[in-house]
$ cat my_file_8.pdb   # PDB, C-alpha atoms and all ligand atoms
ATOM      1  CA  MET A   1     141.510 -41.905  -6.558
ATOM      2  CA  VAL A   2     140.083 -40.754  -3.379
ATOM      3  CA  ASP A   3     138.589 -37.848  -5.238
ATOM      4  CA  CYS A   4     137.183 -40.179  -7.784
ATOM      5  CA  ILE A   5     135.674 -42.427  -5.211
ATOM      6  CA  ILE A   6     134.259 -39.458  -3.450
ATOM      7  CA  HIS A   7     133.035 -38.132  -6.747
ATOM      8  CA  ASN A   8     131.582 -41.482  -7.712
ATOM      9  CA  GLU A   9     129.980 -41.884  -4.321
ATOM     10  CA  GLY A  10     128.695 -38.409  -4.765
ATOM     11  CA  LEU A  11     127.371 -39.298  -8.163
ATOM     12  CA  GLN A  12     126.011 -42.561  -6.941
ATOM     13  CA  GLY A  13     124.460 -40.795  -4.078
ATOM     14  CA  TYR A  14     123.044 -38.191  -6.370
ATOM     15  CA  ASP A  15     121.871 -40.721  -8.951
ATOM     16  CA  GLY A  16     120.368 -42.740  -6.165
ATOM     17  CA  ILE A  17     118.276 -39.823  -5.252
ATOM     18  CA  ARG A  18     117.412 -38.997  -8.797
ATOM     19  CA  GLN A  19     116.519 -42.551  -9.613
ATOM     20  CA  SER A  20     114.356 -43.002  -6.613
ATOM     21  CA  TYR A  21     112.513 -39.681  -7.219
ATOM     22  CA  PRO A  22     110.319 -40.737 -10.199
ATOM     23  CA  ILE A  23     109.261 -43.922  -8.276
ATOM     24  CA  CYS A  24     108.230 -41.814  -5.301
ATOM     25  CA  ARG A  25     106.282 -39.383  -7.518
ATOM     26  CA  LYS A  26     104.508 -42.258  -9.236
ATOM     27  CA  LYS A  27     103.495 -43.690  -5.858
ATOM     28  CA  THR A  28     102.287 -40.321  -4.636
ATOM     29  CA  ASN A  29     100.260 -39.810  -7.818
ATOM     30  CA  ARG A  30      98.705 -43.259  -7.441
ATOM     31  CA  ILE A  31      97.782 -42.529  -3.833
ATOM     32  CA  ARG A  32      96.392 -39.187  -4.893
ATOM     33  CA  TYR A  33      94.457 -40.875  -7.656
ATOM     34  CA  LEU A  34      93.106 -43.506  -5.243
ATOM     35  CA  LEU A  35      92.169 -40.819  -2.763
ATOM     36  CA  PHE A  36      90.447 -38.917  -5.549
ATOM     37  CA  LEU A  37      88.484 -42.042  -6.516
ATOM     38  CA  LEU A  38      87.611 -42.706  -2.887
ATOM     39  CA  LYS A  39      86.415 -39.119  -2.456
ATOM     40  CA  GLY A  40      84.274 -39.504  -5.567
ATOM     41  CA  PHE A  41      82.698 -42.710  -4.298
ATOM     42  CA  VAL A  42      82.038 -41.249  -0.863
ATOM     43  CA  LEU A  43      80.464 -38.139  -2.388
ATOM     44  CA  TYR A  44      78.407 -40.249  -4.774
ATOM     45  CA  TYR A  45      77.084 -42.511  -1.993
ATOM     46  CA  LEU A  46      76.391 -39.589   0.299
ATOM     47  CA  SER A  47      74.367 -37.760  -2.331
ATOM     48  CA  CYS A  48      72.471 -40.998  -3.144
ATOM     49  CA  LEU A  49      71.705 -41.392   0.542
ATOM     50  CA  ILE A  50      70.478 -37.813   0.862
ATOM     51  CA  ILE A  51      68.242 -38.134  -2.220
ATOM     52  CA  ARG A  52      66.806 -41.394  -0.884
ATOM     53  CA  LEU A  53      66.128 -39.817   2.508
ATOM     54  CA  VAL A  54      64.358 -36.842   0.918
ATOM     55  CA  LEU A  55      62.219 -39.096  -1.307
ATOM     56  CA  TRP A  56      61.402 -41.397   1.610
ATOM     57  CA  ARG A  57      60.333 -38.484   3.788
ATOM     58  CA  ARG A  58      58.113 -37.122   1.033
ATOM     59  CA  PHE A  59      56.519 -40.510   0.565
ATOM     60  CA  VAL A  60      55.905 -40.999   4.275
ATOM     61  CA  VAL A  61      54.350 -37.509   4.705
ATOM     62  CA  LYS A  62      52.154 -38.020   1.624
ATOM     63  CA  HIS A  63      51.154 -41.471   2.760
ATOM     64  CA  LYS A  64      50.371 -40.216   6.244
ATOM     65  CA  LYS A  65      48.191 -37.455   4.830
ATOM     66  CA  LYS A  66      46.357 -39.895   2.581
ATOM     67  CA  SER A  67      45.772 -42.450   5.273
ATOM     68  CA  LYS A  68      44.595 -39.876   7.876
ATOM     69  CA  MET A  69      41.287 -41.044   9.339
ATOM     70  CA  PRO A  70      38.351 -38.771   8.582
ATOM     71  CA  GLU A  71      37.593 -36.626  11.617
ATOM     72  CA  LYS A  72      34.824 -37.852  13.877
ATOM     73  CA  ARG A  73      32.030 -35.375  14.423
ATOM     74  CA  VAL A  74      31.274 -34.270  17.965
ATOM     75  CA  VAL A  75      27.997 -32.389  18.276
ATOM     76  CA  VAL A  76      27.688 -30.416  21.514
ATOM     77  CA  LEU A  77      24.391 -29.088  22.851
ATOM     78  CA  THR A  78      24.985 -26.410  25.458
ATOM     79  CA  GLY A  79      22.701 -24.588  27.871
ATOM     80  CA  ALA A  80      22.999 -21.888  30.504
ATOM     81  CA  GLY A  81      25.182 -24.137  32.725
ATOM     82  CA  VAL A  82      28.145 -23.895  30.343
ATOM     83  CA  SER A  83      28.342 -20.160  31.001
ATOM     84  CA  ALA A  84      27.570 -20.349  34.743
ATOM     85  CA  GLU A  85      31.252 -20.351  35.736
ATOM     86  CA  SER A  86      31.744 -17.193  33.674
ATOM     87  CA  GLY A  87      29.285 -15.512  36.026
ATOM     88  CA  ILE A  88      26.099 -15.643  33.967
ATOM     89  CA  LYS A  89      23.059 -16.820  35.900
ATOM     90  CA  THR A  90      21.208 -19.915  34.742
ATOM     91  CA  PHE A  91      17.417 -19.751  34.438
ATOM     92  CA  ARG A  92      15.927 -22.519  36.567
ATOM     93  CA  ASP A  93      18.508 -23.173  39.300
ATOM     94  CA  SER A  94      17.834 -21.722  42.716
ATOM     95  CA  GLY A  95      18.806 -18.069  42.415
ATOM     96  CA  GLY A  96      18.300 -18.387  38.643
ATOM     97  CA  LEU A  97      16.944 -15.622  36.441
ATOM     98  CA  TRP A  98      13.375 -16.890  36.404
ATOM     99  CA  GLU A  99      13.206 -16.453  40.164
ATOM    100  CA  ASP A 100      13.672 -12.717  39.755
ATOM    101  CA  TYR A 101      11.602 -12.269  36.612
ATOM    102  CA  ASP A 102       8.401 -13.721  35.272
ATOM    103  CA  ILE A 103       8.952 -15.226  31.834
ATOM    104  CA  MET A 104       5.573 -13.887  30.765
ATOM    105  CA  ASP A 105       6.671 -10.325  31.605
ATOM    106  CA  VAL A 106       9.947 -10.242  29.702
ATOM    107  CA  ALA A 107      10.316 -13.120  27.253
ATOM    108  CA  THR A 108       7.134 -13.414  25.198
ATOM    109  CA  PRO A 109       5.664 -11.524  22.237
ATOM    110  CA  GLU A 110       2.795 -10.530  24.521
ATOM    111  CA  ALA A 111       5.234  -8.941  26.976
ATOM    112  CA  TRP A 112       6.700  -6.943  24.086
ATOM    113  CA  GLU A 113       3.229  -5.751  23.104
ATOM    114  CA  ARG A 114       2.427  -4.800  26.690
ATOM    115  CA  ASN A 115       5.619  -3.189  27.921
ATOM    116  CA  GLN A 116       8.475  -2.654  25.492
ATOM    117  CA  GLU A 117      10.537  -0.667  27.988
ATOM    118  CA  LEU A 118      10.543  -3.486  30.519
ATOM    119  CA  VAL A 119      11.556  -6.037  27.876
ATOM    120  CA  LEU A 120      14.266  -3.755  26.499
ATOM    121  CA  ASP A 121      15.597  -3.151  29.981
ATOM    122  CA  PHE A 122      15.688  -6.876  30.810
ATOM    123  CA  TYR A 123      17.799  -7.651  27.745
ATOM    124  CA  ASN A 124      19.913  -4.502  28.156
ATOM    125  CA  GLN A 125      20.941  -5.736  31.599
ATOM    126  CA  ARG A 126      21.815  -9.186  30.173
ATOM    127  CA  ARG A 127      23.807  -7.556  27.370
ATOM    128  CA  LYS A 128      25.596  -5.178  29.704
ATOM    129  CA  GLN A 129      26.693  -8.101  31.864
ATOM    130  CA  LEU A 130      27.901 -10.006  28.808
ATOM    131  CA  TYR A 131      30.494  -7.292  28.193
ATOM    132  CA  GLU A 132      31.834  -7.873  31.713
ATOM    133  CA  VAL A 133      32.363 -11.647  31.594
ATOM    134  CA  GLU A 134      34.844 -13.949  29.882
ATOM    135  CA  PRO A 135      34.688 -17.489  28.473
ATOM    136  CA  ASN A 136      35.569 -20.220  30.991
ATOM    137  CA  ASP A 137      37.438 -23.552  30.924
ATOM    138  CA  ALA A 138      34.469 -25.364  29.387
ATOM    139  CA  HIS A 139      34.336 -23.012  26.395
ATOM    140  CA  TYR A 140      38.093 -23.310  25.903
ATOM    141  CA  ALA A 141      38.086 -27.110  26.246
ATOM    142  CA  LEU A 142      35.603 -27.304  23.372
ATOM    143  CA  VAL A 143      37.943 -25.163  21.258
ATOM    144  CA  ASP A 144      40.805 -27.535  22.115
ATOM    145  CA  LEU A 145      38.656 -30.487  20.998
ATOM    146  CA  GLU A 146      38.640 -29.026  17.481
ATOM    147  CA  LYS A 147      42.298 -30.089  17.074
ATOM    148  CA  ASP A 148      41.179 -33.719  16.790
ATOM    149  CA  PHE A 149      37.477 -33.650  15.967
ATOM    150  CA  ASP A 150      34.954 -31.889  13.801
ATOM    151  CA  VAL A 151      33.169 -30.010  16.593
ATOM    152  CA  GLN A 152      29.721 -28.545  15.973
ATOM    153  CA  ILE A 153      28.105 -26.577  18.777
ATOM    154  CA  ILE A 154      24.376 -26.068  19.111
ATOM    155  CA  THR A 155      23.722 -23.614  21.913
ATOM    156  CA  GLN A 156      20.541 -22.483  23.600
ATOM    157  CA  ASN A 157      22.543 -19.592  25.022
ATOM    158  CA  VAL A 158      22.255 -16.095  23.668
ATOM    159  CA  ASP A 159      25.732 -15.099  24.880
ATOM    160  CA  ASP A 160      28.742 -15.138  22.556
ATOM    161  CA  LEU A 161      31.176 -16.939  24.876
ATOM    162  CA  HIS A 162      31.683 -19.944  22.568
ATOM    163  CA  GLU A 163      32.659 -17.585  19.749
ATOM    164  CA  ARG A 164      34.878 -15.473  21.985
ATOM    165  CA  ALA A 165      36.691 -18.577  23.183
ATOM    166  CA  GLY A 166      37.375 -19.437  19.530
ATOM    167  CA  SER A 167      34.886 -22.158  18.568
ATOM    168  CA  SER A 168      34.498 -22.320  14.805
ATOM    169  CA  ASN A 169      30.983 -23.716  14.408
ATOM    170  CA  VAL A 170      28.302 -22.314  16.692
ATOM    171  CA  MET A 171      24.585 -22.471  15.986
ATOM    172  CA  HIS A 172      22.362 -20.302  18.179
ATOM    173  CA  LEU A 173      18.910 -21.780  18.662
ATOM    174  CA  HIS A 174      17.421 -18.963  20.721
ATOM    175  CA  GLY A 175      19.043 -15.923  19.132
ATOM    176  CA  GLU A 176      21.956 -13.691  20.038
ATOM    177  CA  LEU A 177      22.083 -10.997  22.688
ATOM    178  CA  LYS A 178      24.435  -8.719  20.773
ATOM    179  CA  LYS A 179      22.134  -8.612  17.763
ATOM    180  CA  VAL A 180      18.863  -6.785  17.293
ATOM    181  CA  ARG A 181      16.216  -7.017  14.622
ATOM    182  CA  SER A 182      13.327  -5.183  13.115
ATOM    183  CA  SER A 183      10.012  -5.757  14.868
ATOM    184  CA  VAL A 184       8.218  -5.790  11.502
ATOM    185  CA  ASP A 185      10.681  -7.738   9.338
ATOM    186  CA  GLU A 186      12.656 -10.518  11.034
ATOM    187  CA  ARG A 187      15.115 -10.675   8.137
ATOM    188  CA  LEU A 188      16.492  -7.275   9.126
ATOM    189  CA  VAL A 189      19.069  -8.254  11.729
ATOM    190  CA  TYR A 190      21.796  -5.854  12.943
ATOM    191  CA  ASP A 191      24.807  -5.959  15.250
ATOM    192  CA  LEU A 192      24.088  -3.620  18.138
ATOM    193  CA  ASP A 193      26.785  -1.086  18.899
ATOM    194  CA  GLY A 194      27.220  -1.206  22.689
ATOM    195  CA  TRP A 195      24.901  -2.746  25.268
ATOM    196  CA  GLU A 196      21.856  -0.520  25.185
ATOM    197  CA  LEU A 197      18.862  -0.791  22.873
ATOM    198  CA  LYS A 198      16.583   2.203  23.480
ATOM    199  CA  PRO A 199      12.961   2.929  22.764
ATOM    200  CA  GLY A 200      13.002   4.875  19.481
ATOM    201  CA  ASP A 201      15.916   2.903  17.937
ATOM    202  CA  ARG A 202      14.534   1.990  14.559
ATOM    203  CA  CYS A 203      15.231  -0.337  11.631
ATOM    204  CA  GLU A 204      15.532   0.866   8.039
ATOM    205  CA  LYS A 205      11.773   0.415   7.677
ATOM    206  CA  GLY A 206      11.162   2.821  10.523
ATOM    207  CA  ALA A 207       9.991   0.191  13.029
ATOM    208  CA  GLN A 208      11.245  -0.210  16.599
ATOM    209  CA  LEU A 209      14.195  -2.563  16.932
ATOM    210  CA  ARG A 210      13.722  -5.530  19.289
ATOM    211  CA  PRO A 211      16.196  -8.015  20.823
ATOM    212  CA  HIS A 212      17.230 -10.776  18.391
ATOM    213  CA  ILE A 213      15.894 -13.406  20.787
ATOM    214  CA  VAL A 214      13.479 -16.287  20.242
ATOM    215  CA  TRP A 215      10.797 -15.695  22.860
ATOM    216  CA  PHE A 216       8.516 -18.290  24.360
ATOM    217  CA  GLY A 217       5.710 -18.913  21.889
ATOM    218  CA  GLU A 218       7.849 -18.045  18.838
ATOM    219  CA  PRO A 219       9.046 -20.599  16.277
ATOM    220  CA  VAL A 220      12.620 -21.877  16.653
ATOM    221  CA  ASP A 221      13.721 -21.604  13.037
ATOM    222  CA  MET A 222      17.068 -23.318  13.568
ATOM    223  CA  ILE A 223      15.536 -26.575  14.804
ATOM    224  CA  PRO A 224      15.532 -28.468  11.448
ATOM    225  CA  ALA A 225      19.226 -27.659  10.920
ATOM    226  CA  ALA A 226      20.010 -28.560  14.548
ATOM    227  CA  ALA A 227      18.131 -31.859  14.219
ATOM    228  CA  GLU A 228      20.113 -32.701  11.084
ATOM    229  CA  LEU A 229      23.354 -31.873  12.864
ATOM    230  CA  SER A 230      22.350 -34.019  15.848
ATOM    231  CA  ASN A 231      21.631 -36.879  13.475
ATOM    232  CA  SER A 232      25.103 -36.585  11.944
ATOM    233  CA  ALA A 233      26.922 -36.892  15.289
ATOM    234  CA  ASP A 234      29.459 -39.646  15.953
ATOM    235  CA  ILE A 235      29.603 -38.471  19.560
ATOM    236  CA  TYR A 236      26.963 -36.302  21.269
ATOM    237  CA  VAL A 237      27.737 -34.103  24.256
ATOM    238  CA  ILE A 238      25.195 -32.176  26.338
ATOM    239  CA  ILE A 239      26.482 -29.548  28.773
ATOM    240  CA  GLY A 240      24.626 -27.534  31.407
ATOM    241  CA  THR A 241      21.014 -27.665  30.367
ATOM    242  CA  SER A 242      17.962 -28.763  32.336
ATOM    243  CA  LEU A 243      16.489 -30.118  29.072
ATOM    244  CA  ASN A 244      13.249 -28.479  30.106
ATOM    245  CA  VAL A 245      12.565 -26.336  27.092
ATOM    246  CA  TYR A 246      11.318 -27.800  23.836
ATOM    247  CA  PRO A 247      11.998 -28.168  20.982
ATOM    248  CA  ALA A 248      15.702 -27.898  21.986
ATOM    249  CA  ALA A 249      15.314 -30.617  24.631
ATOM    250  CA  GLY A 250      14.027 -32.994  21.941
ATOM    251  CA  LEU A 251      17.171 -32.763  19.792
ATOM    252  CA  VAL A 252      18.735 -35.749  21.555
ATOM    253  CA  SER A 253      16.046 -37.964  19.999
ATOM    254  CA  TYR A 254      17.595 -37.283  16.566
ATOM    255  CA  VAL A 255      20.923 -38.798  17.608
ATOM    256  CA  ARG A 256      21.496 -42.093  15.762
ATOM    257  CA  PRO A 257      21.087 -45.235  17.883
ATOM    258  CA  GLY A 258      24.442 -46.498  19.174
ATOM    259  CA  THR A 259      26.001 -43.032  19.305
ATOM    260  CA  PRO A 260      27.764 -42.384  22.632
ATOM    261  CA  ILE A 261      26.058 -39.535  24.503
ATOM    262  CA  TYR A 262      27.671 -37.639  27.399
ATOM    263  CA  LEU A 263      25.782 -35.304  29.728
ATOM    264  CA  ILE A 264      27.807 -32.929  31.907
ATOM    265  CA  ASP A 265      25.856 -31.239  34.700
ATOM    266  CA  PRO A 266      26.413 -30.886  38.465
ATOM    267  CA  GLY A 267      22.685 -31.213  39.151
ATOM    268  CA  GLU A 268      20.446 -34.263  39.392
ATOM    269  CA  LEU A 269      19.897 -36.187  36.168
ATOM    270  CA  SER A 270      16.690 -34.563  34.990
ATOM    271  CA  VAL A 271      15.944 -36.717  31.971
ATOM    272  CA  GLY A 272      14.502 -40.213  31.665
ATOM    273  CA  HIS A 273      16.441 -43.144  30.221
ATOM    274  CA  ILE A 274      18.558 -42.181  27.222
ATOM    275  CA  PRO A 275      20.280 -45.172  25.596
ATOM    276  CA  GLY A 276      24.070 -44.811  25.432
ATOM    277  CA  LEU A 277      24.118 -41.995  27.983
ATOM    278  CA  THR A 278      27.083 -41.417  30.285
ATOM    279  CA  PHE A 279      26.261 -38.914  33.013
ATOM    280  CA  ILE A 280      29.237 -36.858  34.184
ATOM    281  CA  ARG A 281      28.023 -35.153  37.331
ATOM    282  CA  GLU A 282      30.414 -32.232  37.371
ATOM    283  CA  LYS A 283      30.493 -28.538  36.668
ATOM    284  CA  ALA A 284      31.031 -27.612  33.043
ATOM    285  CA  GLY A 285      34.641 -26.490  33.493
ATOM    286  CA  THR A 286      36.100 -29.637  35.071
ATOM    287  CA  GLY A 287      33.643 -32.041  33.405
ATOM    288  CA  THR A 288      34.299 -30.768  29.889
ATOM    289  CA  LYS A 289      38.072 -30.725  30.359
ATOM    290  CA  LYS A 290      38.001 -34.347  31.577
ATOM    291  CA  LEU A 291      35.758 -35.499  28.756
ATOM    292  CA  VAL A 292      37.858 -33.730  26.141
ATOM    293  CA  SER A 293      41.039 -35.426  27.353
ATOM    294  CA  GLU A 294      39.256 -38.820  27.405
ATOM    295  CA  LEU A 295      37.984 -38.365  23.860
ATOM    296  CA  LYS A 296      41.444 -37.296  22.678
ATOM    297  CA  LYS A 297      43.042 -40.325  24.370
ATOM    298  CA  ASP A 298      40.583 -42.728  22.696
ATOM    299  CA  HIS A 299      41.108 -40.973  19.396
ATOM    300  CA  THR A 300      44.894 -41.302  19.255
TER     301      THR A 300
HETATM  302  N1  LIG B 401      28.155 -26.338  34.980
HETATM  303  C1  LIG B 401      27.308 -27.081  34.261
HETATM  304  N2  LIG B 401      25.991 -27.060  34.446
HETATM  305  C2  LIG B 401      25.514 -26.252  35.397
HETATM  306  C3  LIG B 401      26.348 -25.443  36.180
HETATM  307  C4  LIG B 401      27.750 -25.504  35.947
HETATM  308  N3  LIG B 401      28.614 -24.782  36.633
HETATM  309  N4  LIG B 401      25.563 -24.750  37.032
HETATM  310  C5  LIG B 401      24.313 -25.127  36.778
HETATM  311  N5  LIG B 401      24.261 -26.029  35.792
HETATM  312  C6  LIG B 401      23.144 -26.713  35.188
HETATM  313  C7  LIG B 401      21.944 -26.867  36.066
HETATM  314  O1  LIG B 401      22.075 -28.017  36.892
HETATM  315  C8  LIG B 401      20.817 -27.026  35.021
HETATM  316  O2  LIG B 401      20.642 -28.370  34.656
HETATM  317  O3  LIG B 401      22.690 -25.949  34.085
HETATM  318  C9  LIG B 401      21.321 -26.237  33.851
HETATM  319  C10 LIG B 401      20.614 -24.926  33.606
HETATM  320  O4  LIG B 401      19.314 -25.164  33.229
HETATM  321  P1  LIG B 401      18.344 -23.964  32.845
HETATM  322  O5  LIG B 401      18.488 -22.859  33.817
HETATM  323  O6  LIG B 401      16.999 -24.517  32.649
HETATM  324  O7  LIG B 401      18.974 -23.422  31.471
HETATM  325  P2  LIG B 401      18.755 -24.012  30.024
HETATM  326  O8  LIG B 401      18.518 -25.465  30.056
HETATM  327  O9  LIG B 401      19.853 -23.510  29.189
HETATM  328  O10 LIG B 401      17.420 -23.285  29.596
HETATM  329  C11 LIG B 401      16.908 -23.469  28.305
HETATM  330  O11 LIG B 401      15.232 -21.860  28.677
HETATM  331  O12 LIG B 401      14.610 -19.819  29.596
HETATM  332  C12 LIG B 401      14.968 -20.479  28.459
HETATM  333  O13 LIG B 401      15.724 -19.513  26.514
HETATM  334  C13 LIG B 401      16.162 -19.892  27.783
HETATM  335  O14 LIG B 401      17.834 -21.002  26.490
HETATM  336  C14 LIG B 401      17.127 -21.018  27.696
HETATM  337  C15 LIG B 401      16.246 -22.242  27.804
END
$ encode --input "my_file_8.pdb" --output "structure tokens"
Amino acid sequence: MVDCIIHNEGLQGYDGIRQSYPICRKKTNRIRYLLFLLKGFVLYYLSCLIIRLVLWRRFVVKHKKKSKMPEKRVVVLTGAGVSAESGIKTFRDSGGLWEDYDIMDVATPEAWERNQELVLDFYNQRRKQLYEVEPNDAHYALVDLEKDFDVQIITQNVDDLHERAGSSNVMHLHGELKKVRSSVDERLVYDLDGWELKPGDRCEKGAQLRPHIVWFGEPVDMIPAAAELSNSADIYVIIGTSLNVYPAAGLVSYVRPGTPIYLIDPGELSVGHIPGLTFIREKAGTGTKKLVSELKKDHT
């Protein structure tokens, strides 16, 4: 009897376990199934979210690109003053080049006819010095301006400091010191190797090579293009020029009425009334840096 009871209890106990086992497994399967469904939903929503984010980003970038304002054009007319802080003398300041030399002796076709050696030597000295100097803050500020504006430089300078600083668009009105050309055919222009151009250095036509410089009394071939550029300016900037030498000094008259004009120069204002002119009486380095940051601030 006792055995039987024990046995039965044992059986009951055993059956109890056995009976409850399928219920437990069913529950576990259901939970697993629910978890599986939940995982599926979460994965589905996450992937939807990621796809939406990617599409949204693409749309925003595309839209931004499309709606980007066209770049404003800044035309910059530079003179000797922009290179002064690099150590190159200006022409008409006190201590300037034309105090030591007579223009008529070194910078005219007549001077070339009279004394080629003197003219060659004058430009050789300028060229030699150019290899010893570096661009300054003003040149670099104009390069920086290119990040936000279409910058076009018209320079009266014959040095290559704008190019060496990294400016992309530089038009030389008065020639280039590091180039030479044939004295019988002005289309034959060459890069000079080194600083010295010697008597007897000849072009392919056998003629003496001369500096690739526009001398006083010679036509300034780049003026029509420079006038057109000046006319296309949204902002006009003049740096370090006495505006004494024409036709370059007349370029400002091609600027469209209403265009803001800035003149950076530490000297006295040497021009008459120019409508829309803001005179920044500072050296090129500090003045140009300030103006560039102002223009950038207004632009953004
Ligand atoms: N920063 C800015 N401007 C300066 C600085 C400086 N650190 N130092 C001097 N200047 C200014 C002077 O006040 C002056 O107004 O630079 C100007 C230099 O004037 P010029 O010597 O007349 O030089 P520029 O106007 O370039 O001459 C025009 O004349 O002899 C020809 O062909 C040559 O291209 C040259 C042309």
$ closest_atom_pairs --input "my_file_8.pdb" --of "chain A" --to "ligand LIG 401 (chain B)" --cutoff "7 Å" --atoms "all atoms listed in the file" --output "JSON lines"
{"residue": "A:Thr78", "atom": "CA", "partner": "B:LIG401", "partner_atom": "O9", "distance": 7.0}
{"residue": "A:Gly79", "atom": "CA", "partner": "B:LIG401", "partner_atom": "O9", "distance": 3.3}
{"residue": "A:Ala80", "atom": "CA", "partner": "B:LIG401", "partner_atom": "O9", "distance": 3.8}
{"residue": "A:Gly81", "atom": "CA", "partner": "B:LIG401", "partner_atom": "O3", "distance": 3.4}
{"residue": "A:Val82", "atom": "CA", "partner": "B:LIG401", "partner_atom": "C1", "distance": 5.1}
{"residue": "A:Ala84", "atom": "CA", "partner": "B:LIG401", "partner_atom": "N3", "distance": 4.9}
{"residue": "A:Glu85", "atom": "CA", "partner": "B:LIG401", "partner_atom": "N3", "distance": 5.2}
{"residue": "A:Thr90", "atom": "CA", "partner": "B:LIG401", "partner_atom": "O5", "distance": 4.1}
{"residue": "A:Phe91", "atom": "CA", "partner": "B:LIG401", "partner_atom": "O5", "distance": 3.3}
{"residue": "A:Arg92", "atom": "CA", "partner": "B:LIG401", "partner_atom": "O5", "distance": 3.8}
{"residue": "A:Asp93", "atom": "CA", "partner": "B:LIG401", "partner_atom": "O5", "distance": 5.5}
{"residue": "A:Gly96", "atom": "CA", "partner": "B:LIG401", "partner_atom": "O5", "distance": 6.6}
{"residue": "A:Gln156", "atom": "CA", "partner": "B:LIG401", "partner_atom": "O14", "distance": 4.2}
{"residue": "A:Asn157", "atom": "CA", "partner": "B:LIG401", "partner_atom": "O14", "distance": 5.1}
{"residue": "A:His174", "atom": "CA", "partner": "B:LIG401", "partner_atom": "O13", "distance": 6.1}
{"residue": "A:Ile239", "atom": "CA", "partner": "B:LIG401", "partner_atom": "C1", "distance": 6.1}
{"residue": "A:Gly240", "atom": "CA", "partner": "B:LIG401", "partner_atom": "N2", "distance": 3.4}
{"residue": "A:Thr241", "atom": "CA", "partner": "B:LIG401", "partner_atom": "O8", "distance": 3.3}
{"residue": "A:Ser242", "atom": "CA", "partner": "B:LIG401", "partner_atom": "O2", "distance": 3.6}
{"residue": "A:Leu243", "atom": "CA", "partner": "B:LIG401", "partner_atom": "O8", "distance": 5.2}
{"residue": "A:Asn244", "atom": "CA", "partner": "B:LIG401", "partner_atom": "O6", "distance": 6.0}
{"residue": "A:Val245", "atom": "CA", "partner": "B:LIG401", "partner_atom": "C11", "distance": 5.3}
{"residue": "A:Ile264", "atom": "CA", "partner": "B:LIG401", "partner_atom": "C1", "distance": 6.3}
{"residue": "A:Asp265", "atom": "CA", "partner": "B:LIG401", "partner_atom": "N2", "distance": 4.2}
{"residue": "A:Pro266", "atom": "CA", "partner": "B:LIG401", "partner_atom": "O1", "distance": 5.4}
{"residue": "A:Gly267", "atom": "CA", "partner": "B:LIG401", "partner_atom": "O1", "distance": 4.0}
{"residue": "A:Glu268", "atom": "CA", "partner": "B:LIG401", "partner_atom": "O1", "distance": 6.9}
{"residue": "A:Glu282", "atom": "CA", "partner": "B:LIG401", "partner_atom": "N1", "distance": 6.7}
{"residue": "A:Lys283", "atom": "CA", "partner": "B:LIG401", "partner_atom": "N1", "distance": 3.6}
{"residue": "A:Ala284", "atom": "CA", "partner": "B:LIG401", "partner_atom": "N1", "distance": 3.7}
{"residue": "A:Gly285", "atom": "CA", "partner": "B:LIG401", "partner_atom": "N1", "distance": 6.7}
$ atom_distance --input "my_file_8.pdb" --atom1 "atom CA of A:Leu77" --atom2 "atom CA of A:Ile153"
6.1 Å
$ resolve_selection --input "my_file_8.pdb" --expression "the PyMOL selection byres (((chain A and resi 180) around 6) and not hetatm)" --output "ChimeraX atom specification"
/A:179,181,189-190,210-212
$ residues_around --input "my_file_8.pdb" --residues "A:Asp221" --least-positions-apart "5" --cutoff "12 Å" --atoms "only C-alpha atoms" --output "NGL selection string"
:A and (171-175 or 186 or 213-215 or 226-227 or 247-248)
$ resolve_selection --input "my_file_8.pdb" --expression "the PyMOL selection byres (((chain A and resi 291-297) around 8) and not hetatm)" --output "list in words"
Ala141, Leu142, Asp144, Leu145, Asp148, Gly287, Thr288, Lys289, Lys290, Asp298, His299 and Thr300 of chain A
$ closest_residue --input "my_file_8.pdb" --among "A:Val184, A:Leu43, A:Val76, A:Ile238" --to "A:Ser167" --atoms "only C-alpha atoms"
A:Val76
$ build_atoms --input "my_file_8.pdb" --residues "stretch 235-242 of chain A" --atoms "N, CA and C atoms" --output "PDB file, keeping the file's coordinate frame"
ATOM      1  N   ILE A 235      29.600 -38.568  18.092  1.00  0.00           N
ATOM      2  CA  ILE A 235      29.603 -38.471  19.560  1.00  0.00           C
ATOM      3  C   ILE A 235      28.720 -37.267  19.897  1.00  0.00           C
ATOM      4  N   TYR A 236      27.858 -37.409  20.905  1.00  0.00           N
ATOM      5  CA  TYR A 236      26.963 -36.302  21.269  1.00  0.00           C
ATOM      6  C   TYR A 236      27.243 -35.891  22.710  1.00  0.00           C
ATOM      7  N   VAL A 237      27.409 -34.595  22.906  1.00  0.00           N
ATOM      8  CA  VAL A 237      27.737 -34.103  24.256  1.00  0.00           C
ATOM      9  C   VAL A 237      26.717 -33.023  24.651  1.00  0.00           C
ATOM     10  N   ILE A 238      26.162 -33.173  25.835  1.00  0.00           N
ATOM     11  CA  ILE A 238      25.195 -32.176  26.338  1.00  0.00           C
ATOM     12  C   ILE A 238      25.811 -31.542  27.589  1.00  0.00           C
ATOM     13  N   ILE A 239      25.855 -30.206  27.614  1.00  0.00           N
ATOM     14  CA  ILE A 239      26.482 -29.548  28.773  1.00  0.00           C
ATOM     15  C   ILE A 239      25.554 -28.481  29.361  1.00  0.00           C
ATOM     16  N   GLY A 240      25.273 -28.616  30.656  1.00  0.00           N
ATOM     17  CA  GLY A 240      24.626 -27.534  31.407  1.00  0.00           C
ATOM     18  C   GLY A 240      23.264 -27.095  30.917  1.00  0.00           C
ATOM     19  N   THR A 241      22.390 -28.050  30.689  1.00  0.00           N
ATOM     20  CA  THR A 241      21.014 -27.665  30.367  1.00  0.00           C
ATOM     21  C   THR A 241      20.057 -28.568  31.139  1.00  0.00           C
ATOM     22  N   SER A 242      18.947 -27.970  31.586  1.00  0.00           N
ATOM     23  CA  SER A 242      17.962 -28.763  32.336  1.00  0.00           C
ATOM     24  C   SER A 242      17.123 -29.604  31.377  1.00  0.00           C
TER      25      SER A 242
END
